[in-house]
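In what follows, a structure is listed as structure tokens, so that the remarks can point back to it.
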Amino acid sequence: MYKKFKHENLIVSPGPHQTGRVTTTKIMAQVLIALLPAFFVTVWFYGARAIFLLAFCVTLCIVFEYLFEIIAKKPNTVSDLSAAVTGVLLAFNLPVTLPYWMAAIGCFVAIVITKQLFGGIGQNFANPAITARIVLFLSFPTEMTTWAVPGRIFLATDAVTGATPLGLMNHGETDALPSMWDMFAGNIGGSMGEISAAALIIGGVFLLVRNIISPAIPVSFIGTVALFSIIAGENPLFHILAGGLMLGAFFMATDYSTSPITNRGKIVFGIGCGVLAMLIRVFSSYPEGVSFAILIMNILVPHIDNLSRNKLYGGGHYERR
């Protein structure tokens, strides 16, 4: 009456799992599409150097994943596009003038150490691109805080350097702050992919409309930053448009593997990211706190899931005899 299955017919694998027509490849492809507006703005303001650095990071992330899985005799996952997304996000978190060999170290940290050594996609405890950015910042603080003024840059030596809006604010140079329009459009210094809030909002809205991400994390993250700014007596619009908030809120804090499962957990996660980011911005000597905030909250995700998971009612306690 019942068909017997042999154990070799059962396949046990870590998530994400394919359900229906939604696959990891399709999700990652839509994330790449959502990142296109920010890419075009970056190329417009920074020139060919932005294309070279982004292509380098994407290529190296794919190569590292491919080689690691060959050496470890694991199934090849390059086709799911997750390594390509990591490469784009890492490049977007770097100054356009960063030397290629430093970017290569970041790619290795993101793919091999943060992702593959913990089991691959779906099992990493922290966002690979953010972890790589923080490792590079701690290892090469000068190069990671040298920001190019927007211009047609072909080589790193072509760039004229300047300060980011958050850097100017941190040093009290409020008279030199760019206009809100420049911060919205992207005509400012900063990491490659974080300069244009407008482009990132367009990409974020695309992901929301396509149901790739939930609004819980971006809304609670950005809303907390705005509220904290008002309480601290600072301009909330400035803090929303400045730095990596939009890139972090829409594209990195929403990473499936490193964010909570439940809606309540996502809201707690977003609020935590916003509070930590603003504490670093307002009270520390380092002007930006988005990356550190997301990494800290990534580590707390298992505890957030445990505290926010739905409780079952109507069942009795099982007593082992």
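By order of appearance in the structure tokens: chains A, B, ..., then residues from 1 within every chain, and ligands from 1 in the order shown.
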Mind checking which residues fall within 9 Å of range 166-170 of chain A, counting only C-alpha atoms, ignoring those fewer than 4 positions away in the same chain, and posting them as a VMD selection string?
chain A and resid 174 to 177 238 to 239 242 to 243 281 to 282 284 to 288
DSSP on the backbone, alpha helix (DSSP H) only: what residues of range 45-188 of chain A does that give? Format it as a PyMOL selection string.
chain A and resi 45-46+48-71+82-92+100-108+128-139+141-144+165-170+180-185
Output C-alpha atoms for every residue in that selection, as a tab-separated table (two decimals), in the first residue's frame.
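Full text of result_37.tsv as output:
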chain	number	residue	atom	x	y	z
A	45	PHE	CA	30.30	60.37	-12.11
A	46	TYR	CA	33.48	58.28	-11.81
A	48	ALA	CA	35.93	53.96	-16.63
A	49	ARG	CA	37.73	53.21	-13.38
A	50	ALA	CA	34.37	52.27	-11.81
A	51	ILE	CA	33.72	49.75	-14.60
A	52	PHE	CA	37.19	48.22	-14.23
A	53	LEU	CA	36.98	47.83	-10.46
A	54	LEU	CA	33.46	46.39	-10.52
A	55	ALA	CA	34.31	43.93	-13.32
A	56	PHE	CA	37.43	42.90	-11.40
A	57	CYS	CA	35.51	42.20	-8.18
A	58	VAL	CA	32.72	40.27	-9.93
A	59	THR	CA	35.17	38.17	-11.94
A	60	LEU	CA	37.37	37.38	-8.95
A	61	CYS	CA	34.42	36.46	-6.72
A	62	ILE	CA	33.18	34.02	-9.36
A	63	VAL	CA	36.67	32.55	-9.82
A	64	PHE	CA	37.21	32.13	-6.07
A	65	GLU	CA	33.86	30.36	-5.69
A	66	TYR	CA	34.53	28.10	-8.67
A	67	LEU	CA	38.03	27.13	-7.53
A	68	PHE	CA	37.03	26.57	-3.91
A	69	GLU	CA	34.21	24.24	-4.89
A	70	ILE	CA	36.55	22.28	-7.17
A	71	ILE	CA	39.15	21.93	-4.41
A	82	SER	CA	25.16	34.78	-5.80
A	83	ALA	CA	28.93	35.23	-6.27
A	84	ALA	CA	28.26	37.86	-8.93
A	85	VAL	CA	25.94	39.75	-6.57
A	86	THR	CA	28.58	39.61	-3.84
A	87	GLY	CA	31.14	40.99	-6.26
A	88	VAL	CA	28.91	43.91	-7.23
A	89	LEU	CA	28.02	44.73	-3.62
A	90	LEU	CA	31.66	44.54	-2.56
A	91	ALA	CA	32.71	46.88	-5.38
A	92	PHE	CA	29.90	49.26	-4.40
A	100	TYR	CA	43.15	46.06	-7.33
A	101	TRP	CA	45.25	43.84	-5.08
A	102	MET	CA	43.40	45.14	-2.03
A	103	ALA	CA	40.08	44.51	-3.76
A	104	ALA	CA	41.30	40.96	-4.43
A	105	ILE	CA	41.80	40.42	-0.72
A	106	GLY	CA	38.26	41.62	-0.14
A	107	CYS	CA	36.91	39.16	-2.72
A	108	PHE	CA	38.76	36.31	-1.02
A	128	PRO	CA	30.00	38.58	2.78
A	129	ALA	CA	30.35	42.02	1.16
A	130	ILE	CA	29.99	43.86	4.47
A	131	THR	CA	32.44	41.55	6.23
A	132	ALA	CA	34.97	42.06	3.44
A	133	ARG	CA	34.54	45.84	3.58
A	134	ILE	CA	35.17	45.91	7.34
A	135	VAL	CA	38.24	43.65	7.02
A	136	LEU	CA	39.64	45.95	4.32
A	137	PHE	CA	38.85	49.04	6.40
A	138	LEU	CA	40.65	47.65	9.44
A	139	SER	CA	43.59	46.47	7.32
A	141	PRO	CA	42.29	52.44	6.71
A	142	THR	CA	44.00	55.10	4.58
A	143	GLU	CA	43.12	53.59	1.21
A	144	MET	CA	39.59	52.72	2.37
A	165	PRO	CA	29.37	64.49	3.49
A	166	LEU	CA	29.56	62.43	6.69
A	167	GLY	CA	33.28	63.12	6.94
A	168	LEU	CA	32.69	66.85	6.61
A	169	MET	CA	29.97	66.69	9.25
A	170	ASN	CA	32.19	64.67	11.57
A	180	MET	CA	20.68	67.81	-0.61
A	181	TRP	CA	20.14	67.58	-4.36
A	182	ASP	CA	23.79	66.60	-4.97
A	183	MET	CA	23.49	63.95	-2.25
A	184	PHE	CA	20.25	62.68	-3.77
A	185	ALA	CA	21.62	62.58	-7.33
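Among the candidate residues A:Cys273, A:Ala126, A:Ala293, A:Ala34, the one lying nearest to Tyr256 in chain A is A:Ala126, with distances computed using only C-alpha atoms.
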Of the candidates A:Asn298, A:Asn235, A:Thr262, A:Asn310, which shows the shortest atom-to-atom distance to Asn124 in chain A, using only C-alpha atoms?
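Checking each of A:Asn298, A:Asn235, A:Thr262, A:Asn310 against Asn124 in chain A, counting only C-alpha atoms, the winner is A:Asn298.
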Any idea what the distance is between CA of Ser79 in chain A and CA of Gly120 in chain A?
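Distance between the two atoms: 13.4 Å.
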